$ cat entry_26.txt   # compact mmCIF, N, CA and C atoms and all ligand atoms
# COMPACT_ATOMS: atom_id res chain seq x y z
N MET A 245 13.36 2.13 -51.68
CA MET A 245 14.19 0.99 -52.05
C MET A 245 13.88 -0.20 -51.15
N GLU A 246 13.74 -1.37 -51.76
CA GLU A 246 13.48 -2.59 -51.03
C GLU A 246 14.76 -3.08 -50.34
N PRO A 247 14.71 -3.53 -49.10
CA PRO A 247 15.93 -4.06 -48.47
C PRO A 247 16.33 -5.37 -49.15
N ASN A 248 17.64 -5.54 -49.30
CA ASN A 248 18.08 -6.79 -49.88
C ASN A 248 18.08 -7.88 -48.80
N ARG A 249 18.38 -9.10 -49.20
CA ARG A 249 18.32 -10.24 -48.28
C ARG A 249 19.23 -10.04 -47.07
N ARG A 250 20.44 -9.51 -47.30
CA ARG A 250 21.40 -9.31 -46.21
C ARG A 250 20.86 -8.27 -45.21
N GLN A 251 20.33 -7.16 -45.74
CA GLN A 251 19.79 -6.13 -44.85
C GLN A 251 18.62 -6.68 -44.05
N PHE A 252 17.77 -7.49 -44.71
CA PHE A 252 16.62 -8.08 -44.02
C PHE A 252 17.08 -8.99 -42.87
N LEU A 253 18.06 -9.86 -43.17
CA LEU A 253 18.54 -10.79 -42.15
C LEU A 253 19.22 -10.04 -41.00
N THR A 254 19.98 -9.00 -41.33
CA THR A 254 20.64 -8.22 -40.28
C THR A 254 19.60 -7.58 -39.38
N GLY A 255 18.56 -7.00 -40.00
CA GLY A 255 17.50 -6.38 -39.21
C GLY A 255 16.75 -7.39 -38.37
N ALA A 256 16.47 -8.56 -38.96
CA ALA A 256 15.75 -9.60 -38.23
C ALA A 256 16.56 -10.08 -37.04
N CYS A 257 17.88 -10.24 -37.21
CA CYS A 257 18.73 -10.68 -36.11
C CYS A 257 18.79 -9.63 -35.01
N ALA A 258 18.83 -8.34 -35.39
CA ALA A 258 18.84 -7.28 -34.39
C ALA A 258 17.56 -7.30 -33.58
N LEU A 259 16.43 -7.48 -34.26
CA LEU A 259 15.15 -7.55 -33.55
C LEU A 259 15.11 -8.76 -32.62
N LEU A 260 15.58 -9.91 -33.12
CA LEU A 260 15.60 -11.13 -32.31
C LEU A 260 16.48 -10.92 -31.08
N GLY A 261 17.65 -10.32 -31.29
CA GLY A 261 18.55 -10.06 -30.17
C GLY A 261 17.92 -9.15 -29.14
N ALA A 262 17.24 -8.11 -29.61
CA ALA A 262 16.58 -7.19 -28.67
C ALA A 262 15.49 -7.91 -27.91
N GLY A 263 14.75 -8.78 -28.61
CA GLY A 263 13.69 -9.53 -27.94
C GLY A 263 14.23 -10.48 -26.89
N LEU A 264 15.31 -11.18 -27.23
CA LEU A 264 15.92 -12.09 -26.26
C LEU A 264 16.45 -11.32 -25.06
N GLY A 265 17.06 -10.17 -25.32
CA GLY A 265 17.56 -9.36 -24.22
C GLY A 265 16.45 -8.93 -23.28
N ALA A 266 15.32 -8.51 -23.86
CA ALA A 266 14.19 -8.10 -23.03
C ALA A 266 13.67 -9.27 -22.23
N ALA A 267 13.60 -10.46 -22.86
CA ALA A 267 13.10 -11.64 -22.15
C ALA A 267 14.02 -12.00 -21.00
N LEU A 268 15.34 -11.91 -21.24
CA LEU A 268 16.27 -12.24 -20.18
C LEU A 268 16.17 -11.24 -19.04
N LEU A 269 16.03 -9.96 -19.38
CA LEU A 269 15.89 -8.96 -18.32
C LEU A 269 14.62 -9.19 -17.54
N ALA A 270 13.53 -9.50 -18.26
CA ALA A 270 12.27 -9.70 -17.58
C ALA A 270 12.35 -10.88 -16.63
N ASP A 271 13.16 -11.86 -16.97
CA ASP A 271 13.26 -13.05 -16.13
C ASP A 271 14.33 -12.90 -15.04
N SER A 272 15.06 -11.82 -15.09
CA SER A 272 16.15 -11.65 -14.16
C SER A 272 15.72 -10.83 -12.95
N ALA A 273 15.88 -11.42 -11.78
CA ALA A 273 15.53 -10.69 -10.57
C ALA A 273 16.41 -9.47 -10.40
N ASP A 274 17.60 -9.49 -11.01
CA ASP A 274 18.53 -8.38 -10.85
C ASP A 274 18.03 -7.11 -11.54
N ALA A 275 17.12 -7.29 -12.51
CA ALA A 275 16.69 -6.15 -13.31
C ALA A 275 15.72 -5.25 -12.58
N ALA A 276 15.11 -5.73 -11.51
CA ALA A 276 14.05 -4.96 -10.87
C ALA A 276 14.56 -4.22 -9.64
N THR A 277 14.09 -3.00 -9.46
CA THR A 277 14.40 -2.24 -8.27
C THR A 277 13.83 -2.96 -7.06
N GLY A 278 14.63 -3.05 -6.00
CA GLY A 278 14.15 -3.69 -4.78
C GLY A 278 14.41 -5.18 -4.74
N ILE A 279 15.03 -5.72 -5.77
CA ILE A 279 15.35 -7.14 -5.80
C ILE A 279 16.85 -7.28 -6.04
N LYS A 280 17.50 -7.99 -5.14
CA LYS A 280 18.95 -8.11 -5.22
C LYS A 280 19.35 -9.58 -5.08
N ARG A 281 20.13 -10.04 -6.05
CA ARG A 281 20.59 -11.42 -6.00
C ARG A 281 21.94 -11.46 -5.29
N LYS A 282 22.03 -12.26 -4.23
CA LYS A 282 23.28 -12.36 -3.48
C LYS A 282 24.20 -13.41 -4.11
N LYS A 283 25.47 -13.34 -3.77
CA LYS A 283 26.44 -14.29 -4.35
C LYS A 283 26.13 -15.73 -3.96
N ASN A 284 25.49 -15.93 -2.81
CA ASN A 284 25.19 -17.31 -2.39
C ASN A 284 23.91 -17.85 -3.04
N GLY A 285 23.31 -17.06 -3.94
CA GLY A 285 22.13 -17.52 -4.66
C GLY A 285 20.82 -17.06 -4.06
N GLN A 286 20.84 -16.60 -2.81
CA GLN A 286 19.62 -16.08 -2.21
C GLN A 286 19.23 -14.77 -2.91
N VAL A 287 17.96 -14.43 -2.80
CA VAL A 287 17.47 -13.17 -3.37
C VAL A 287 16.85 -12.36 -2.24
N GLU A 288 17.26 -11.09 -2.16
CA GLU A 288 16.71 -10.18 -1.15
C GLU A 288 15.66 -9.30 -1.82
N VAL A 289 14.47 -9.30 -1.24
CA VAL A 289 13.36 -8.52 -1.77
C VAL A 289 13.04 -7.42 -0.77
N THR A 290 13.26 -6.18 -1.16
CA THR A 290 12.88 -5.05 -0.30
C THR A 290 11.40 -4.78 -0.58
N VAL A 291 10.57 -5.28 0.31
CA VAL A 291 9.14 -5.37 0.06
C VAL A 291 8.52 -4.02 -0.30
N ALA A 292 8.92 -2.95 0.38
CA ALA A 292 8.31 -1.64 0.16
C ALA A 292 8.59 -1.09 -1.24
N GLN A 293 9.61 -1.63 -1.90
CA GLN A 293 9.98 -1.13 -3.23
C GLN A 293 9.36 -1.92 -4.37
N ILE A 294 8.56 -2.93 -4.04
CA ILE A 294 7.99 -3.79 -5.08
C ILE A 294 6.49 -3.50 -5.21
N PRO A 295 6.10 -2.82 -6.28
CA PRO A 295 4.67 -2.48 -6.43
C PRO A 295 3.75 -3.69 -6.33
N GLY A 296 4.18 -4.82 -6.86
CA GLY A 296 3.34 -6.02 -6.86
C GLY A 296 3.09 -6.59 -5.47
N LEU A 297 3.85 -6.15 -4.48
CA LEU A 297 3.67 -6.69 -3.13
C LEU A 297 3.01 -5.70 -2.18
N GLN A 298 2.43 -4.64 -2.72
CA GLN A 298 1.80 -3.65 -1.85
C GLN A 298 0.40 -4.06 -1.40
N ASN A 299 -0.18 -5.06 -2.04
CA ASN A 299 -1.51 -5.52 -1.67
C ASN A 299 -1.51 -7.02 -1.40
N ILE A 300 -2.41 -7.46 -0.52
CA ILE A 300 -2.56 -8.88 -0.24
C ILE A 300 -2.92 -9.60 -1.54
N ASN A 301 -2.31 -10.76 -1.75
CA ASN A 301 -2.41 -11.56 -2.97
C ASN A 301 -1.57 -10.98 -4.11
N GLY A 302 -0.77 -9.95 -3.83
CA GLY A 302 0.16 -9.47 -4.83
C GLY A 302 1.28 -10.48 -5.03
N VAL A 303 1.80 -10.53 -6.25
CA VAL A 303 2.80 -11.53 -6.62
C VAL A 303 3.98 -10.84 -7.30
N VAL A 304 5.18 -11.29 -6.99
CA VAL A 304 6.34 -10.88 -7.77
C VAL A 304 7.11 -12.15 -8.15
N ASN A 305 7.40 -12.27 -9.43
CA ASN A 305 8.15 -13.41 -9.92
C ASN A 305 9.63 -13.09 -9.82
N LEU A 306 10.39 -13.95 -9.17
CA LEU A 306 11.82 -13.70 -8.97
C LEU A 306 12.68 -14.37 -10.04
N GLY A 307 12.07 -15.00 -11.03
CA GLY A 307 12.88 -15.78 -11.96
C GLY A 307 13.30 -17.05 -11.23
N THR A 308 14.57 -17.41 -11.31
CA THR A 308 15.01 -18.59 -10.59
C THR A 308 15.82 -18.19 -9.36
N VAL A 309 15.62 -18.93 -8.28
CA VAL A 309 16.40 -18.77 -7.05
C VAL A 309 17.05 -20.12 -6.80
N LYS A 310 18.37 -20.15 -6.87
CA LYS A 310 19.13 -21.39 -6.74
C LYS A 310 18.59 -22.46 -7.69
N GLY A 311 18.27 -22.02 -8.90
CA GLY A 311 17.82 -22.94 -9.94
C GLY A 311 16.35 -23.29 -9.91
N VAL A 312 15.61 -22.73 -8.97
CA VAL A 312 14.20 -23.06 -8.82
C VAL A 312 13.35 -21.86 -9.23
N PRO A 313 12.39 -22.04 -10.16
CA PRO A 313 11.51 -20.92 -10.50
C PRO A 313 10.69 -20.53 -9.27
N THR A 314 10.79 -19.26 -8.89
CA THR A 314 10.27 -18.86 -7.58
C THR A 314 9.49 -17.55 -7.69
N ALA A 315 8.41 -17.48 -6.93
CA ALA A 315 7.65 -16.23 -6.81
C ALA A 315 7.38 -15.97 -5.34
N VAL A 316 7.20 -14.70 -5.02
CA VAL A 316 6.78 -14.30 -3.67
C VAL A 316 5.35 -13.80 -3.76
N VAL A 317 4.54 -14.20 -2.78
CA VAL A 317 3.15 -13.78 -2.71
C VAL A 317 2.93 -13.13 -1.36
N ARG A 318 2.26 -11.97 -1.35
CA ARG A 318 1.87 -11.35 -0.09
C ARG A 318 0.60 -12.04 0.39
N THR A 319 0.66 -12.66 1.55
CA THR A 319 -0.47 -13.44 2.05
C THR A 319 -1.24 -12.74 3.16
N GLY A 320 -0.71 -11.63 3.69
CA GLY A 320 -1.38 -10.92 4.77
C GLY A 320 -0.77 -9.54 4.92
N ALA A 321 -1.18 -8.83 6.00
CA ALA A 321 -0.72 -7.47 6.21
C ALA A 321 0.81 -7.40 6.25
N SER A 322 1.42 -8.38 6.87
CA SER A 322 2.89 -8.39 6.93
C SER A 322 3.43 -9.81 6.77
N THR A 323 2.73 -10.62 6.01
CA THR A 323 3.18 -11.99 5.78
C THR A 323 3.33 -12.26 4.27
N TYR A 324 4.34 -13.03 3.97
CA TYR A 324 4.68 -13.35 2.58
C TYR A 324 5.03 -14.82 2.52
N THR A 325 4.83 -15.42 1.36
CA THR A 325 5.31 -16.78 1.16
C THR A 325 6.05 -16.83 -0.17
N ALA A 326 7.09 -17.61 -0.20
CA ALA A 326 7.81 -17.84 -1.45
C ALA A 326 7.47 -19.24 -1.92
N LEU A 327 7.22 -19.38 -3.21
CA LEU A 327 6.77 -20.65 -3.76
C LEU A 327 7.68 -21.15 -4.86
N ASN A 328 7.92 -22.44 -4.86
CA ASN A 328 8.55 -23.13 -5.98
C ASN A 328 7.45 -23.29 -7.03
N LEU A 329 7.66 -22.69 -8.19
CA LEU A 329 6.60 -22.69 -9.21
C LEU A 329 6.56 -23.95 -10.05
N ARG A 330 7.39 -24.94 -9.72
CA ARG A 330 7.30 -26.21 -10.45
C ARG A 330 6.08 -26.98 -9.97
N CYS A 331 5.25 -27.35 -10.90
CA CYS A 331 4.05 -28.11 -10.57
C CYS A 331 4.45 -29.44 -9.93
N PRO A 332 3.82 -29.83 -8.81
CA PRO A 332 4.17 -31.09 -8.16
C PRO A 332 3.81 -32.32 -9.00
N HIS A 333 3.00 -32.16 -10.04
CA HIS A 333 2.62 -33.31 -10.86
C HIS A 333 3.77 -33.78 -11.73
N ALA A 334 4.30 -32.90 -12.58
CA ALA A 334 5.39 -33.31 -13.48
C ALA A 334 6.42 -32.21 -13.70
N GLY A 335 6.37 -31.20 -12.87
CA GLY A 335 7.46 -30.22 -12.87
C GLY A 335 7.35 -29.06 -13.84
N VAL A 336 6.24 -28.93 -14.54
CA VAL A 336 6.07 -27.79 -15.45
C VAL A 336 5.85 -26.53 -14.61
N THR A 337 6.39 -25.42 -15.06
CA THR A 337 6.26 -24.16 -14.31
C THR A 337 4.83 -23.63 -14.43
N VAL A 338 4.22 -23.36 -13.27
CA VAL A 338 2.86 -22.85 -13.25
C VAL A 338 2.86 -21.36 -13.57
N ARG A 339 1.69 -20.85 -13.95
CA ARG A 339 1.55 -19.44 -14.34
C ARG A 339 0.54 -18.75 -13.44
N ASP A 340 0.78 -17.48 -13.21
CA ASP A 340 -0.12 -16.64 -12.42
C ASP A 340 -1.24 -16.14 -13.33
N THR A 341 -2.49 -16.48 -12.99
CA THR A 341 -3.61 -16.00 -13.80
C THR A 341 -4.16 -14.69 -13.25
N GLY A 342 -3.63 -14.24 -12.13
CA GLY A 342 -4.15 -13.05 -11.47
C GLY A 342 -4.96 -13.41 -10.24
N THR A 343 -5.56 -14.60 -10.25
CA THR A 343 -6.36 -15.05 -9.11
C THR A 343 -5.88 -16.39 -8.56
N GLN A 344 -5.03 -17.09 -9.33
CA GLN A 344 -4.54 -18.39 -8.90
C GLN A 344 -3.33 -18.76 -9.74
N TRP A 345 -2.73 -19.92 -9.43
CA TRP A 345 -1.67 -20.49 -10.25
C TRP A 345 -2.29 -21.60 -11.08
N LEU A 346 -1.93 -21.62 -12.36
CA LEU A 346 -2.47 -22.63 -13.27
C LEU A 346 -1.31 -23.33 -13.97
N CYS A 347 -1.34 -24.64 -13.99
CA CYS A 347 -0.31 -25.39 -14.70
C CYS A 347 -0.75 -25.55 -16.16
N PRO A 348 0.08 -25.08 -17.09
CA PRO A 348 -0.31 -25.15 -18.50
C PRO A 348 -0.24 -26.56 -19.08
N ALA A 349 0.40 -27.49 -18.36
CA ALA A 349 0.57 -28.84 -18.92
C ALA A 349 -0.70 -29.66 -18.83
N HIS A 350 -1.25 -29.82 -17.63
CA HIS A 350 -2.41 -30.69 -17.45
C HIS A 350 -3.50 -30.03 -16.62
N GLY A 351 -3.37 -28.75 -16.34
CA GLY A 351 -4.47 -28.00 -15.75
C GLY A 351 -4.58 -27.97 -14.24
N SER A 352 -3.57 -28.41 -13.51
CA SER A 352 -3.67 -28.30 -12.05
C SER A 352 -3.80 -26.84 -11.65
N GLN A 353 -4.55 -26.62 -10.57
CA GLN A 353 -4.79 -25.26 -10.09
C GLN A 353 -4.40 -25.16 -8.63
N PHE A 354 -3.87 -23.99 -8.28
CA PHE A 354 -3.41 -23.72 -6.92
C PHE A 354 -3.84 -22.31 -6.53
N ALA A 355 -4.15 -22.13 -5.27
CA ALA A 355 -4.44 -20.78 -4.77
C ALA A 355 -3.15 -19.96 -4.84
N LEU A 356 -3.29 -18.65 -4.77
CA LEU A 356 -2.09 -17.80 -4.86
C LEU A 356 -1.09 -18.11 -3.74
N ASP A 357 -1.57 -18.58 -2.59
CA ASP A 357 -0.63 -18.93 -1.51
C ASP A 357 -0.03 -20.32 -1.70
N GLY A 358 -0.36 -20.96 -2.82
CA GLY A 358 0.21 -22.26 -3.15
C GLY A 358 -0.66 -23.44 -2.78
N ALA A 359 -1.77 -23.21 -2.06
CA ALA A 359 -2.63 -24.31 -1.64
C ALA A 359 -3.21 -25.04 -2.86
N PHE A 360 -3.33 -26.34 -2.73
CA PHE A 360 -3.87 -27.17 -3.81
C PHE A 360 -5.36 -26.91 -3.99
N ILE A 361 -5.78 -26.74 -5.25
CA ILE A 361 -7.21 -26.57 -5.57
C ILE A 361 -7.71 -27.79 -6.34
N SER A 362 -7.05 -28.10 -7.46
CA SER A 362 -7.51 -29.24 -8.25
C SER A 362 -6.35 -29.87 -9.01
N GLY A 363 -6.48 -31.17 -9.29
CA GLY A 363 -5.43 -31.98 -9.87
C GLY A 363 -5.30 -31.85 -11.36
N PRO A 364 -4.39 -32.70 -11.82
CA PRO A 364 -3.90 -33.95 -11.23
C PRO A 364 -2.74 -33.84 -10.24
N ALA A 365 -2.27 -32.66 -9.90
CA ALA A 365 -1.08 -32.55 -9.05
C ALA A 365 -1.26 -33.27 -7.71
N GLY A 366 -2.36 -33.08 -7.05
CA GLY A 366 -2.63 -33.80 -5.81
C GLY A 366 -2.06 -33.18 -4.55
N ARG A 367 -1.27 -32.15 -4.66
CA ARG A 367 -0.76 -31.48 -3.46
C ARG A 367 -0.37 -30.04 -3.79
N ALA A 368 -0.09 -29.29 -2.73
CA ALA A 368 0.20 -27.86 -2.86
C ALA A 368 1.56 -27.62 -3.52
N LEU A 369 1.76 -26.39 -3.98
CA LEU A 369 3.08 -25.98 -4.44
C LEU A 369 4.03 -26.02 -3.25
N THR A 370 5.27 -26.28 -3.52
CA THR A 370 6.27 -26.40 -2.46
C THR A 370 6.77 -25.02 -2.05
N PRO A 371 6.77 -24.74 -0.75
CA PRO A 371 7.32 -23.45 -0.32
C PRO A 371 8.83 -23.39 -0.48
N VAL A 372 9.33 -22.19 -0.66
CA VAL A 372 10.77 -21.93 -0.69
C VAL A 372 11.08 -21.15 0.58
N SER A 373 12.21 -21.42 1.19
CA SER A 373 12.61 -20.73 2.41
C SER A 373 12.57 -19.22 2.21
N ALA A 374 11.94 -18.52 3.15
CA ALA A 374 11.87 -17.06 3.09
C ALA A 374 11.81 -16.51 4.50
N ARG A 375 12.61 -15.50 4.78
CA ARG A 375 12.68 -14.91 6.11
C ARG A 375 12.59 -13.39 5.99
N LEU A 376 11.65 -12.81 6.73
CA LEU A 376 11.45 -11.36 6.69
C LEU A 376 12.14 -10.71 7.87
N SER A 377 12.97 -9.72 7.58
CA SER A 377 13.65 -8.98 8.63
C SER A 377 13.84 -7.53 8.18
N ARG A 378 13.29 -6.60 8.97
CA ARG A 378 13.43 -5.17 8.68
C ARG A 378 13.00 -4.81 7.25
N GLY A 379 11.92 -5.41 6.82
CA GLY A 379 11.36 -5.07 5.51
C GLY A 379 12.04 -5.76 4.34
N ILE A 380 13.00 -6.61 4.63
CA ILE A 380 13.68 -7.34 3.55
C ILE A 380 13.37 -8.81 3.69
N LEU A 381 12.81 -9.36 2.63
CA LEU A 381 12.51 -10.79 2.59
C LEU A 381 13.67 -11.49 1.89
N THR A 382 14.33 -12.38 2.61
CA THR A 382 15.44 -13.13 2.03
C THR A 382 14.91 -14.49 1.60
N VAL A 383 15.03 -14.76 0.31
CA VAL A 383 14.43 -15.95 -0.28
C VAL A 383 15.53 -16.91 -0.75
N GLY A 384 15.37 -18.20 -0.40
CA GLY A 384 16.29 -19.22 -0.89
C GLY A 384 17.22 -19.73 0.18
S1 LIG A 401 2.69 -30.96 -14.79
FE1 LIG A 401 1.24 -29.67 -13.86
S2 LIG A 401 -0.62 -30.72 -14.00
FE2 LIG A 401 0.83 -32.03 -14.95
$ encode --input "entry_26.txt" --output "structure tokens"
Amino acid sequence: MEPNRRQFLTGACALLGAGLGAALLADSADAATGIKRKKNGQVEVTVAQIPGLQNINGVVNLGTVKGVPTAVVRTGASTYTALNLRCPHAGVTVRDTGTQWLCPAHGSQFALDGAFISGPAGRALTPVSARLSRGILTVG
């Protein structure tokens, strides 16, 4: 039996809702083990529990921290940097290509640690406050 229009729309809405839910979870730092959002807006990252931070140049996207799209990058054996992912050129959120950050708007490129590579941005990504203590990186 062919689904009628109502059944089709109900199914389509359920699929859309599931997709939106997955997208929200994926963007939520609260959804991941080892990432905890505090009431003051800071995010605590338990570094040992984050697979993406086990290697140098590993990246974990925290979603937004105090309204700023933020990622943490492992820059050394025990060093990390948190980056504001808004491109300094016009504020578009940059994307991780696996080897660098790329701005989808006009093509600015940045090293994984946020250093400026090529314009039009003209400067590095802005760091976000991050403090490491006892294996927990507090960001924001
Ligand atoms: S906003 Fe990123 S290069 Fe223009």
$ residues_around --input "entry_26.txt" --residues "Val287 of chain A" --least-positions-apart "4" --cutoff "8 Å" --atoms "only C-alpha atoms" --output "NGL selection string"
:A and (273 or 279-282 or 306 or 309 or 382-384)
$ atom_distance --input "entry_26.txt" --atom1 "atom CA of Ala355 of chain A" --atom2 "atom CA of Ser377 of chain A"
25.4 Å
$ residues_around --input "entry_26.txt" --residues "Gly320 of chain A" --least-positions-apart "5" --cutoff "8 Å" --atoms "all atoms listed in the file" --output "PyMOL selection string"
chain A and resi 299-302+325
$ closest_residue --input "entry_26.txt" --among "A:Gly379, A:Gly342, A:Gly366, A:Pro332" --to "Val303 of chain A" --atoms "only C-alpha atoms"
A:Gly342
$ closest_residue --input "entry_26.txt" --among "A:Ala315, A:Leu329, A:Val336, A:Cys347" --to "Gly296 of chain A" --atoms "only C-alpha atoms"
A:Ala315
$ atom_distance --input "entry_26.txt" --atom1 "atom CA of Asn328 of chain A" --atom2 "atom CA of Leu356 of chain A"
12.0 Å
$ closest_residue --input "entry_26.txt" --among "A:Thr308, A:Gln286, A:Ser322, A:Ser362" --to "ligand LIG 401 (chain A)" --atoms "all atoms listed in the file"
A:Ser362
$ atom_distance --input "entry_26.txt" --atom1 "atom C of Val317 of chain A" --atom2 "atom CA of His350 of chain A"
24.4 Å
$ select_by_dssp --input "entry_26.txt" --residues "segment 303-383 of chain A" --states "strand (DSSP E or B)" --output "JSON, numbers by chain"
{"A": [303, 304, 305, 306, 307, 308, 309, 312, 313, 314, 315, 316, 317, 318, 324, 325, 326, 327, 328, 330, 337, 339, 340, 344, 345, 346, 353, 354, 355, 360, 361, 362, 371, 372, 374, 375, 376, 377, 380, 381, 382, 383]}
